[in-house]
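So the structure is just underneath, and the comments pick up after that.
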Amino acid sequence: MTQETLDSISRDYLKLKQEMAKVIVGQDEIIDQLVIALLAKGHCLLIGVPGLAKTLLIQTLGQVTDLDSSRIQFTPDLMPGDITGTEILDIDPESGARSFKFVKGPVFSNLILADEINRTPPKTQSALLEAMQEKQVTSAGKRYSLPVPFFVMATQNPIEQEGTYPLPEAQLDRFMFSLLLGYPTEEQEREVIRRTTSGTVIKPNPVLSREKITEYQSVIPEMPVSDWLADRVVRLVNMTRTTSPWFPEKARPFIRWGAGPRASQSLILASKVRAALMGKKSPDWEDVQFVVKPILRHRIILTFSAEAEGLKPDELIDLILTELDRTAS
């Protein structure tokens, strides 16, 4: 990657943040992680209570990147065809000839908000998750490529779990990041009220084109990574696995399954993107630390003991990071 490209990435990133700040109050870290996932060709699972601007986040990201965005409200009666599209019978008005035509569903967009993905049955969830993985949809034996770039932000409500269909661990692994959206501070909430009750509509300007995004997505993976950093990432992910000799004994009562190789891949790729956004020529441990919890928290499966004690995956990640520093020193 040339210095010119690196400067362009960090410059466009700052412009994007400035434009999003016109609409989104706070949530700087969430915005950073959304941009990282987008440029790393990953997807995000966003967990937060209603009313925290999850829909506004994806709409604003679409506006500042000048990309098409769509919102899919997941409900118990939603069918796979409602997401991917369906075949309809088309009749030519002149000849009367009949043929089947594929009508594309809302998944054929650049930015997808999959709202409350755990409200719909597994068959419908799988339709979206397959599209996320394959970047295409198959209907009546024909394949239809999804637009580029393609980014999915799925949301879950952590409070109301009655009548939901939790995503299996194997499907959670399809998401690069699991992000926790918290409440705003009092100062931020005052600013939200000021902006949203004045009758003034603020529209951000597009600052990052589709062409630039696809260019950055292709050049960032070329960024070099030191052997030291790669080894440290592999050791970190290994330390989450109960079968590893590096697994901390302090964590044994609380972790049932650890992260797979996709976690290591995501850590390296996401740290490259974060380094590029910061204007660095290669990632360092600080970049890995910035993305480690969003990447690992949904890939570590807790035991009943951990749940009974109210332990969160983030606390166990902190424990593992502490043990990694101790054993590496």
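Starting from 1 in every chain, residues are counted up; chains themselves are A, B, ... following the order of the structure tokens, and ligands are numbered from 1 as listed.
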For the contact check between region 50-159 of chain A and region 210-225 of chain A, emit one row per residue of region 50-159 of chain A within 10 Å, containing the shortest atom pair and the distance in Å rounded to one decimal, counting only C-alpha atoms, chain then rising number order, as CSV.
residue,atom,partner,partner_atom,distance
A:Thr65,CA,A:Arg210,CA,6.8
A:Asp66,CA,A:Arg210,CA,7.0
A:Leu67,CA,A:Arg210,CA,6.6
A:Asp68,CA,A:Arg210,CA,9.8
A:Asn110,CA,A:Arg210,CA,9.3
A:Val148,CA,A:Thr214,CA,7.4
A:Pro149,CA,A:Thr214,CA,6.5
Report the closest atom pair, with its distance in Å rounded to one decimal, for each residue of region 205-292 of chain A that has an atom no farther than 9 Å from region 315-319 of chain A; count only C-alpha atoms, sort by chain and then rising residue number, and write it as CSV.
residue,atom,partner,partner_atom,distance
A:Thr240,CA,A:Ile317,CA,8.2
A:Pro248,CA,A:Leu319,CA,8.5
A:Lys250,CA,A:Leu319,CA,8.3
A:Ala251,CA,A:Leu316,CA,7.0
A:Phe254,CA,A:Leu316,CA,8.2
A:Ile255,CA,A:Leu316,CA,8.3
A:Val292,CA,A:Ile317,CA,8.3
With the cut-off set at 7 Å and counting only C-alpha atoms, tabulate each residue of region 235-290 of chain A with an atom at most that distance from an atom of region 17-37 of chain A, showing the nearest atom pair and its distance in Å to one decimal, ordered by chain and increasing number, as a Markdown table.
| residue | atom | partner | partner_atom | distance |
| --- | --- | --- | --- | --- |
| A:Ala270 | CA | A:Ile36 | CA | 6.2 |
| A:Val273 | CA | A:Ile36 | CA | 5.8 |
| A:Arg274 | CA | A:Ile36 | CA | 6.3 |
Quick one: distance from CA of Trp228 (chain A) to CA of Glu323 (chain A) in Å, one decimal? 17.3 Å
Could you write out, as a tab-separated table (two decimals) with N, CA and C atoms, in the first residue's frame, all the residues of region 92-247 of chain A that DSSP marks as strand (DSSP E)?
chain	number	residue	atom	x	y	z
A	98	ARG	N	-45.76	-16.86	-21.37
A	98	ARG	CA	-45.57	-16.88	-19.92
A	98	ARG	C	-44.15	-17.32	-19.57
A	99	SER	N	-43.59	-16.68	-18.59
A	99	SER	CA	-42.26	-17.05	-18.11
A	99	SER	C	-42.12	-16.61	-16.66
A	100	PHE	N	-41.18	-17.24	-15.98
A	100	PHE	CA	-40.93	-16.87	-14.59
A	100	PHE	C	-39.84	-15.80	-14.53
A	101	LYS	N	-40.05	-14.81	-13.68
A	101	LYS	CA	-39.09	-13.72	-13.51
A	101	LYS	C	-38.74	-13.60	-12.04
A	102	PHE	N	-37.45	-13.41	-11.76
A	102	PHE	CA	-37.00	-13.27	-10.38
A	102	PHE	C	-37.10	-11.83	-9.95
A	103	VAL	N	-37.85	-11.59	-8.89
A	103	VAL	CA	-37.98	-10.25	-8.31
A	103	VAL	C	-37.07	-10.19	-7.08
A	104	LYS	N	-36.06	-9.33	-7.13
A	104	LYS	CA	-35.07	-9.26	-6.05
A	104	LYS	C	-35.68	-8.74	-4.76
A	111	LEU	N	-26.09	-1.77	2.09
A	111	LEU	CA	-26.12	-1.78	3.55
A	111	LEU	C	-27.48	-2.30	4.00
A	112	ILE	N	-27.46	-3.37	4.79
A	112	ILE	CA	-28.70	-4.00	5.25
A	112	ILE	C	-28.81	-3.86	6.77
A	113	LEU	N	-29.95	-3.36	7.23
A	113	LEU	CA	-30.25	-3.39	8.66
A	113	LEU	C	-31.22	-4.54	8.88
A	114	ALA	N	-30.75	-5.60	9.50
A	114	ALA	CA	-31.60	-6.76	9.83
A	114	ALA	C	-32.09	-6.56	11.26
A	115	ASP	N	-33.26	-5.94	11.38
A	115	ASP	CA	-33.74	-5.51	12.69
A	115	ASP	C	-34.37	-6.66	13.46
A	136	GLN	N	-24.20	-14.16	-2.52
A	136	GLN	CA	-25.08	-14.42	-3.66
A	136	GLN	C	-26.36	-15.09	-3.18
A	137	VAL	N	-27.35	-15.08	-4.05
A	137	VAL	CA	-28.64	-15.72	-3.77
A	137	VAL	C	-28.94	-16.68	-4.91
A	138	THR	N	-29.41	-17.87	-4.57
A	138	THR	CA	-29.78	-18.86	-5.59
A	138	THR	C	-31.29	-19.03	-5.60
A	139	SER	N	-31.89	-18.92	-6.80
A	139	SER	CA	-33.33	-19.11	-6.95
A	139	SER	C	-33.60	-19.83	-8.26
A	142	LYS	N	-30.67	-20.60	-10.49
A	142	LYS	CA	-29.86	-19.49	-11.00
A	142	LYS	C	-29.25	-18.72	-9.83
A	143	ARG	N	-28.03	-18.25	-10.05
A	143	ARG	CA	-27.33	-17.50	-9.02
A	143	ARG	C	-27.35	-16.01	-9.34
A	144	TYR	N	-27.64	-15.22	-8.32
A	144	TYR	CA	-27.68	-13.77	-8.47
A	144	TYR	C	-26.70	-13.16	-7.48
A	145	SER	N	-25.70	-12.46	-8.00
A	145	SER	CA	-24.68	-11.87	-7.13
A	145	SER	C	-25.24	-10.66	-6.41
A	151	PHE	N	-22.86	-5.14	3.21
A	151	PHE	CA	-22.60	-5.06	4.65
A	151	PHE	C	-23.92	-5.24	5.41
A	152	VAL	N	-23.93	-6.16	6.36
A	152	VAL	CA	-25.13	-6.43	7.15
A	152	VAL	C	-24.90	-6.04	8.60
A	153	MET	N	-25.83	-5.25	9.13
A	153	MET	CA	-25.83	-4.94	10.56
A	153	MET	C	-27.12	-5.51	11.13
A	154	ALA	N	-27.01	-6.59	11.88
A	154	ALA	CA	-28.17	-7.22	12.50
A	154	ALA	C	-28.29	-6.75	13.94
A	155	THR	N	-29.53	-6.55	14.40
A	155	THR	CA	-29.74	-6.08	15.76
A	155	THR	C	-30.48	-7.11	16.59
A	156	GLN	N	-30.24	-7.05	17.89
A	156	GLN	CA	-30.96	-7.88	18.85
A	156	GLN	C	-31.30	-7.02	20.06
A	177	PHE	N	-18.10	-8.80	14.11
A	177	PHE	CA	-18.17	-8.07	15.37
A	177	PHE	C	-19.51	-8.32	16.07
A	178	SER	N	-19.47	-8.38	17.40
A	178	SER	CA	-20.67	-8.27	18.23
A	178	SER	C	-20.50	-7.00	19.05
A	179	LEU	N	-21.33	-6.01	18.77
A	179	LEU	CA	-21.19	-4.69	19.38
A	179	LEU	C	-22.28	-4.45	20.42
A	180	LEU	N	-21.90	-3.87	21.54
A	180	LEU	CA	-22.85	-3.56	22.61
A	180	LEU	C	-23.11	-2.06	22.62
Region 20-239 of chain A: residues DSSP assigns to helix (DSSP H, G or I), reported as a PyMOL selection string: chain A and resi 20-21+28-39+54-65+80-84+117-119+122-134+169-172+186-196+210-222+227-238
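Residues in contact range of Leu52 (chain A), defined as at most 9 Å between only C-alpha atoms, with sequence neighbours fewer than 3 positions away removed, read Gly48, Val49, Thr55, Leu56, Leu181, Gly182, Tyr183 and Pro184 of chain A.
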Select, from A:Val201, A:Asp7, A:Gly51, A:Thr2, the residue with the minimum atom-to-atom distance to Glu189 (chain A), counting only C-alpha atoms.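 Of A:Val201, A:Asp7, A:Gly51, A:Thr2, the one nearest Glu189 (chain A) is A:Gly51, counting only C-alpha atoms.
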Work out how far CA of Asp82 (chain A) is from CA of Gly105 (chain A), in Å to one decimal.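 About the pair CA of Gly105 (chain A) and CA of Asp82 (chain A): they are 6.2 Å apart.
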Could you check how far CA of Thr84 (chain A) sits from CA of Ile117 (chain A), in Å to one decimal?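 Going from CA of Thr84 (chain A) over to CA of Ile117 (chain A), I get 14.7 Å.
Residues lying within 12 Å of Arg262 (chain A), counting only C-alpha atoms and ignoring same-chain neighbours fewer than 2 positions away, are A:Gly42, A:Ala170, A:Leu172, A:Asp173, A:Arg174, A:Phe175, A:Met176, A:Phe177, A:Val233, A:Val234, A:Val237, A:Asn238, A:Gly258, A:Ala259, A:Gly260, A:Ser264, A:Gln265, A:Ser266, A:Leu267, A:Ile268, A:Leu269, A:Ala270, A:Ile295, A:Leu296, A:Arg299.
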